[in-house]
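J.: One structure, pasted below without further comment.
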Amino acid sequence: MASMTLPKFTSRAMDLSGIAAAAKAPPVPPGASFVIDVDEGNFESVMQLSARHPIVVELYSPRADAQALSDDLIALANAAAGAYLLARVNVDVAGGIAQAFGVQAVPTVIGVVAGQLAPLFQGTKSKDEADAVIGQLLQVAATNGLTGRAEPVAGGAGESDEPDPRFAAADAALERGDFADALVEYDKLIAQYPGDAEAKAGRAQVALLARSAGSDPNRVLALAAQATVDVEAQLAAADLEVLSGQPEAAFKRLIALIRDTSGAERDTVRVRVLELFEVVGNADPSVLKARRDLMSALF
């Protein structure tokens, strides 16, 4: 039997042969802003971004004595450098949005994760208190695999073509074809930068390549067809499907397995699904659908 070779990928699946470059985004340019003003005209398009990364919505009124909170929220969002987007709604201008959120008083701060609303707080809070509440929202998002980064809204000097030096050791390992060493380097990065979405995505992609190296596609799929509740067999088949540009099939397979398992086995499958979300990309349509299906299967 022939061993698996990496296929050419279309835009529907990430080209894993370029894994090191695809897994990293350029550094955030100086002065970049992650704060956007929202009204009825751009409300829908901004809320759709919650499928990629968390959004914190601040509903405010200039008439309310809460400018200090607004200043703190803006500072926190920009310091987070894309971990979430702050969407500011002036309820005096966009009263329809306030009604849609069911807001009765301002200021009110609401989180949005994958289209789901999470009320955070009403009234004013100190900067540290607001930061802690938003941190809890980010933890919930990460637990559900939503670790994408928001794009800068304005400001900055544009993207840099220079490679991020933090990834130099992992890049070198990948160039040697040493997946094990690349995983070690990514683990070091994640230990140093636990919230780094690019490092997590890179590790997930390298892990997929390492697991699949030398696999026989015919044997993997035949075994999965015979052993429909064998977790390892189904995980291997899902890996193959992602590598072959069939993420929908992989997600359907694993989410069905989640419904048929429990305990440690179920959690193993859940973790693999989240890893494959990172590989395919959180903005991919197959991931957006599968994320909803996963939530339904788990809860």
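Letters A, B, ... go to the chains of the structure tokens in the order shown; residues in each chain start at 1; ligands are counted from 1 in the same order.
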I need the residues of stretch 26-216 of chain A that end up classed as strand (DSSP E or B) by DSSP on the backbone, written out as a PyMOL selection string.
T.: chain A and resi 33+35-37+55-60+85-90+108-113+116-122+154
J.: Give me, as a Markdown table, the closest atom pair and its distance (Å, one decimal) for every residue of stretch 107-182 of chain A within a cut-off of 9 Å of stretch 54-77 of chain A, counting only C-alpha atoms, rows sorted by chain and rising number.
T.:
```
| residue | atom | partner | partner_atom | distance |
| --- | --- | --- | --- | --- |
| A:Pro107 | CA | A:Tyr60 | CA | 4.7 |
| A:Thr108 | CA | A:Leu59 | CA | 5.2 |
| A:Val109 | CA | A:Glu58 | CA | 4.7 |
| A:Ile110 | CA | A:Val57 | CA | 5.1 |
| A:Gly111 | CA | A:Val56 | CA | 4.6 |
| A:Val112 | CA | A:Ile55 | CA | 5.1 |
| A:Val113 | CA | A:Pro54 | CA | 5.0 |
| A:Ala114 | CA | A:Pro54 | CA | 7.4 |
| A:Leu120 | CA | A:Val56 | CA | 8.9 |
| A:Gly123 | CA | A:Ala66 | CA | 8.3 |
| A:Thr124 | CA | A:Leu69 | CA | 6.2 |
| A:Lys125 | CA | A:Leu69 | CA | 6.8 |
| A:Ser126 | CA | A:Leu69 | CA | 7.2 |
| A:Lys127 | CA | A:Asp72 | CA | 5.6 |
| A:Ala130 | CA | A:Leu73 | CA | 7.5 |
| A:Asp131 | CA | A:Leu76 | CA | 7.0 |
| A:Ile134 | CA | A:Val56 | CA | 7.8 |
| A:Leu137 | CA | A:Pro54 | CA | 7.9 |
| A:Leu138 | CA | A:Pro54 | CA | 7.0 |
| A:Ala141 | CA | A:Pro54 | CA | 6.8 |
| A:Leu146 | CA | A:Pro54 | CA | 7.5 |
| A:Thr147 | CA | A:Pro54 | CA | 8.2 |
| A:Gly148 | CA | A:Pro54 | CA | 8.2 |
| A:Arg149 | CA | A:Pro54 | CA | 8.5 |
| A:Ala150 | CA | A:Pro54 | CA | 8.2 |
```
J.: Using the selection just defined, write its residues with N, CA and C atoms as a short mmCIF file (atom, residue, chain, number, x, y, z; two decimals), in the first residue's frame.
T.:
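Okay, this is what ended up in selection14.cif:
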```
data_model
loop_
_atom_site.label_atom_id
_atom_site.label_comp_id
_atom_site.auth_asym_id
_atom_site.auth_seq_id
_atom_site.Cartn_x
_atom_site.Cartn_y
_atom_site.Cartn_z
N PRO A 107 -24.69 52.85 31.09
CA PRO A 107 -24.03 51.95 30.14
C PRO A 107 -24.35 50.48 30.42
N THR A 108 -24.39 49.71 29.34
CA THR A 108 -24.54 48.27 29.42
C THR A 108 -23.47 47.64 28.52
N VAL A 109 -22.84 46.60 29.00
CA VAL A 109 -21.79 45.92 28.24
C VAL A 109 -22.19 44.45 28.05
N ILE A 110 -22.15 44.01 26.79
CA ILE A 110 -22.61 42.67 26.42
C ILE A 110 -21.53 42.00 25.58
N GLY A 111 -21.29 40.73 25.82
CA GLY A 111 -20.38 39.95 25.00
C GLY A 111 -21.14 39.20 23.92
N VAL A 112 -20.50 38.99 22.78
CA VAL A 112 -21.09 38.21 21.69
C VAL A 112 -20.04 37.19 21.24
N VAL A 113 -20.39 35.92 21.33
CA VAL A 113 -19.50 34.82 20.94
C VAL A 113 -20.26 33.89 20.01
N ALA A 114 -19.81 33.81 18.77
CA ALA A 114 -20.45 32.95 17.77
C ALA A 114 -21.95 33.24 17.67
N LEU A 120 -22.66 41.06 30.25
CA LEU A 120 -21.48 41.17 31.10
C LEU A 120 -21.74 42.04 32.34
N GLY A 123 -24.09 49.44 34.19
CA GLY A 123 -23.55 50.45 35.09
C GLY A 123 -22.04 50.53 34.95
N THR A 124 -21.42 51.32 35.80
CA THR A 124 -19.99 51.54 35.70
C THR A 124 -19.22 50.52 36.53
N LYS A 125 -17.99 50.26 36.11
CA LYS A 125 -17.06 49.42 36.86
C LYS A 125 -15.67 50.02 36.74
N SER A 126 -14.80 49.63 37.64
CA SER A 126 -13.41 50.08 37.52
C SER A 126 -12.77 49.37 36.33
N LYS A 127 -11.63 49.88 35.91
CA LYS A 127 -10.93 49.27 34.78
C LYS A 127 -10.55 47.83 35.08
N ALA A 130 -13.71 45.63 34.95
CA ALA A 130 -14.13 45.40 33.56
C ALA A 130 -13.20 44.42 32.87
N ASP A 131 -11.91 44.55 33.12
CA ASP A 131 -10.92 43.65 32.52
C ASP A 131 -11.17 42.21 32.96
N ILE A 134 -14.29 40.80 31.16
CA ILE A 134 -13.99 40.50 29.75
C ILE A 134 -13.09 39.28 29.66
N LEU A 137 -15.14 36.24 29.60
CA LEU A 137 -15.73 36.04 28.28
C LEU A 137 -14.74 35.38 27.33
N LEU A 138 -13.49 35.84 27.35
CA LEU A 138 -12.47 35.27 26.47
C LEU A 138 -12.19 33.81 26.83
N ALA A 141 -14.95 31.79 25.30
CA ALA A 141 -14.74 31.69 23.86
C ALA A 141 -13.65 30.67 23.54
N LEU A 146 -13.09 29.28 19.96
CA LEU A 146 -13.13 30.55 19.23
C LEU A 146 -11.92 31.38 19.64
N THR A 147 -10.83 31.24 18.88
CA THR A 147 -9.58 31.89 19.25
C THR A 147 -9.04 32.77 18.13
N GLY A 148 -9.90 33.16 17.19
CA GLY A 148 -9.45 34.03 16.12
C GLY A 148 -9.11 35.41 16.63
N ARG A 149 -8.41 36.18 15.83
CA ARG A 149 -8.00 37.52 16.20
C ARG A 149 -8.76 38.55 15.37
N ALA A 150 -9.15 39.64 16.01
CA ALA A 150 -9.81 40.74 15.30
C ALA A 150 -8.79 41.50 14.47
#
```
J.: For stretch 168-185 of chain A, find every residue with an atom within 7 Å (counting only C-alpha atoms), except residues of its own chain fewer than 2 positions away, and show them as a list in words.
T.: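 Counting only C-alpha atoms, the residues come to Ala20, Pro165, Arg166, Asp187, Lys188, Leu189, Arg203, Val206, Ala207 and Ala210 of chain A.
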J.: Just to confirm, what's the straight-line distance from atom CA of A:Phe167 to atom CA of A:Tyr193 in Å (one decimal)?
T.: 12.1 Å
J.: At a cut-off of 9 Å, can you tabulate as a Markdown table every residue of stretch 22-88 of chain A near stretch 272-289 of chain A together with its closest atom pair and the distance in Å to one decimal, using only C-alpha atoms and ordering rows by chain then number?
T.:
```
| residue | atom | partner | partner_atom | distance |
| --- | --- | --- | --- | --- |
| A:Ala23 | CA | A:Val279 | CA | 8.8 |
| A:Leu49 | CA | A:Ala283 | CA | 8.9 |
| A:Ala51 | CA | A:Leu288 | CA | 6.6 |
| A:Arg52 | CA | A:Asn282 | CA | 5.6 |
| A:His53 | CA | A:Asn282 | CA | 8.5 |
```
J.: Take the residues from that selection and write them out as a PDB file, in the first residue's frame, keeping C-alpha atoms.
T.:
```pdb
ATOM      1  CA  ALA A  23      -0.021  29.938  11.007  1.00  0.00           C
ATOM      2  CA  LEU A  49     -17.514  38.841  13.055  1.00  0.00           C
ATOM      3  CA  ALA A  51     -18.098  33.811  14.378  1.00  0.00           C
ATOM      4  CA  ARG A  52     -14.357  34.516  14.152  1.00  0.00           C
ATOM      5  CA  HIS A  53     -13.550  36.213  17.444  1.00  0.00           C
TER       6      HIS A  53
END
```
J.: In stretch 59-298 of chain A, what's alpha helix (DSSP H) per DSSP? Answer as a VMD selection string?
T.: chain A and resid 67 to 80 95 to 101 127 to 143 168 to 175 179 to 192 197 to 212 217 to 226 231 to 243 247 to 260 263 to 280 285 to 298
J.: Those residues with C-alpha atoms, as a short mmCIF file (atom, residue, chain, number, x, y, z; two decimals), in the first residue's frame please?
T.:
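As written to disk, out_36.cif reads:
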```cif
data_model
loop_
_atom_site.label_atom_id
_atom_site.label_comp_id
_atom_site.auth_asym_id
_atom_site.auth_seq_id
_atom_site.Cartn_x
_atom_site.Cartn_y
_atom_site.Cartn_z
CA GLN A 67 -16.95 58.61 30.09
CA ALA A 68 -14.36 57.04 32.39
CA LEU A 69 -15.77 53.58 31.66
CA SER A 70 -15.73 54.26 27.92
CA ASP A 71 -12.11 55.39 28.09
CA ASP A 72 -11.17 52.27 30.08
CA LEU A 73 -12.96 49.92 27.66
CA ILE A 74 -11.21 51.52 24.68
CA ALA A 75 -7.84 51.22 26.39
CA LEU A 76 -8.47 47.58 27.32
CA ALA A 77 -9.57 46.64 23.79
CA ASN A 78 -6.52 48.20 22.18
CA ALA A 79 -4.19 46.64 24.76
CA ALA A 80 -5.72 43.22 23.97
CA GLY A 95 -31.97 53.22 19.57
CA GLY A 96 -33.05 50.22 17.51
CA ILE A 97 -29.92 48.33 18.49
CA ALA A 98 -30.57 49.01 22.16
CA GLN A 99 -34.09 47.63 21.71
CA ALA A 100 -32.72 44.56 19.93
CA PHE A 101 -30.44 43.86 22.89
CA LYS A 127 -10.93 49.27 34.78
CA ASP A 128 -9.68 46.20 36.66
CA GLU A 129 -13.23 44.94 37.23
CA ALA A 130 -14.13 45.40 33.56
CA ASP A 131 -10.92 43.65 32.52
CA ALA A 132 -11.73 40.67 34.76
CA VAL A 133 -15.24 40.31 33.35
CA ILE A 134 -13.99 40.50 29.75
CA GLY A 135 -11.31 37.95 30.63
CA GLN A 136 -14.04 35.51 31.65
CA LEU A 137 -15.73 36.04 28.28
CA LEU A 138 -12.47 35.27 26.47
CA GLN A 139 -12.07 32.08 28.51
CA VAL A 140 -15.55 30.92 27.49
CA ALA A 141 -14.74 31.69 23.86
CA ALA A 142 -11.44 29.78 24.03
CA THR A 143 -13.12 26.78 25.68
CA ALA A 168 12.25 31.08 13.88
CA ALA A 169 13.03 27.79 15.65
CA ALA A 170 9.71 26.20 14.62
CA ASP A 171 10.23 27.43 11.05
CA ALA A 172 13.67 25.85 10.94
CA ALA A 173 12.32 22.52 12.22
CA LEU A 174 9.59 22.53 9.59
CA GLU A 175 12.10 23.25 6.86
CA PHE A 179 7.55 17.69 12.96
CA ALA A 180 8.45 16.46 16.47
CA ASP A 181 10.94 19.28 16.99
CA ALA A 182 8.49 21.81 15.54
CA LEU A 183 5.87 20.66 18.07
CA VAL A 184 8.38 21.16 20.88
CA GLU A 185 9.06 24.71 19.68
CA TYR A 186 5.35 25.51 19.40
CA ASP A 187 4.79 24.14 22.92
CA LYS A 188 7.50 26.50 24.18
CA LEU A 189 5.76 29.43 22.49
CA ILE A 190 2.36 28.51 23.90
CA ALA A 191 3.84 28.17 27.40
CA GLN A 192 5.30 31.66 27.05
CA ALA A 197 -3.91 32.19 18.60
CA GLU A 198 -1.26 31.97 15.86
CA ALA A 199 0.94 29.67 17.94
CA LYS A 200 -2.03 27.46 18.78
CA ALA A 201 -3.07 27.25 15.14
CA GLY A 202 0.47 26.45 14.07
CA ARG A 203 0.76 23.68 16.64
CA ALA A 204 -2.56 22.15 15.57
CA GLN A 205 -1.47 22.11 11.95
CA VAL A 206 1.94 20.57 12.69
CA ALA A 207 0.32 17.97 14.96
CA LEU A 208 -2.00 16.97 12.11
CA LEU A 209 0.95 16.49 9.77
CA ALA A 210 2.86 14.51 12.40
CA ARG A 211 -0.10 12.19 13.08
CA SER A 212 -0.74 11.56 9.42
CA PRO A 217 -5.43 6.36 3.25
CA ASN A 218 -7.19 3.19 2.05
CA ARG A 219 -6.42 1.34 5.26
CA VAL A 220 -7.41 4.28 7.47
CA LEU A 221 -10.81 4.70 5.81
CA ALA A 222 -11.51 0.96 5.67
CA LEU A 223 -10.77 0.58 9.37
CA ALA A 224 -13.01 3.54 10.23
CA ALA A 225 -15.85 2.05 8.16
CA GLN A 226 -15.60 -1.21 10.07
CA VAL A 231 -12.35 6.52 18.71
CA GLU A 232 -8.80 6.19 17.39
CA ALA A 233 -10.00 4.87 14.03
CA GLN A 234 -12.47 7.72 13.62
CA LEU A 235 -9.91 10.35 14.65
CA ALA A 236 -7.46 9.04 12.07
CA ALA A 237 -10.13 9.10 9.37
CA ALA A 238 -11.09 12.67 10.24
CA ASP A 239 -7.45 13.74 10.02
CA LEU A 240 -7.27 12.20 6.55
CA GLU A 241 -10.45 13.99 5.45
CA VAL A 242 -9.13 17.37 6.54
CA LEU A 243 -5.85 16.74 4.72
CA PRO A 247 -13.46 19.26 6.41
CA GLU A 248 -17.27 18.90 6.33
CA ALA A 249 -16.94 15.11 6.31
CA ALA A 250 -14.38 15.19 9.12
CA PHE A 251 -16.53 17.40 11.35
CA LYS A 252 -19.68 15.37 10.67
CA ARG A 253 -17.82 12.18 11.54
CA LEU A 254 -16.44 13.47 14.83
CA ILE A 255 -19.57 15.28 16.01
CA ALA A 256 -21.55 12.09 15.43
CA LEU A 257 -18.93 10.29 17.53
CA ILE A 258 -19.34 12.84 20.32
CA ARG A 259 -23.02 11.96 20.47
CA ASP A 260 -22.14 8.25 20.81
CA GLY A 263 -16.52 10.64 29.65
CA ALA A 264 -12.84 10.71 28.70
CA GLU A 265 -13.50 9.37 25.19
CA ARG A 266 -15.97 12.12 24.46
CA ASP A 267 -13.57 14.77 25.70
CA THR A 268 -10.78 13.36 23.53
CA VAL A 269 -12.98 13.73 20.46
CA ARG A 270 -14.07 17.24 21.48
CA VAL A 271 -10.46 18.37 21.81
CA ARG A 272 -9.62 16.95 18.38
CA VAL A 273 -12.57 18.76 16.79
CA LEU A 274 -11.34 22.06 18.24
CA GLU A 275 -7.82 21.36 16.95
CA LEU A 276 -9.16 20.70 13.47
CA PHE A 277 -11.13 23.97 13.63
CA GLU A 278 -7.75 25.69 14.09
CA VAL A 279 -6.29 23.80 11.13
CA VAL A 280 -9.10 24.62 8.70
CA PRO A 285 -17.93 28.04 6.38
CA SER A 286 -17.48 24.40 7.34
CA VAL A 287 -16.10 25.48 10.74
CA LEU A 288 -18.90 27.96 11.35
CA LYS A 289 -21.51 25.25 10.75
CA ALA A 290 -19.61 22.59 12.68
CA ARG A 291 -19.20 24.90 15.67
CA ARG A 292 -22.99 25.20 15.93
CA ASP A 293 -23.36 21.42 15.54
CA LEU A 294 -20.73 20.84 18.23
CA MET A 295 -22.53 23.08 20.70
CA SER A 296 -25.75 21.17 20.03
CA ALA A 297 -24.02 17.80 20.50
CA LEU A 298 -22.38 18.85 23.76
#
```
J.: Just the number, please: distance in Å from atom CA of A:Pro194 to atom CA of A:Ser262, one decimal.
T.: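 One can read the atom CA of A:Pro194 to atom CA of A:Ser262 distance as 28.1 Å.
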J.: Could you work out how far atom CA of A:Asp196 lies from atom CA of A:Phe121, giving the answer in Å with one decimal?
T.: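 If I compute the distance from atom CA of A:Phe121 to atom CA of A:Asp196, I get 26.6 Å.
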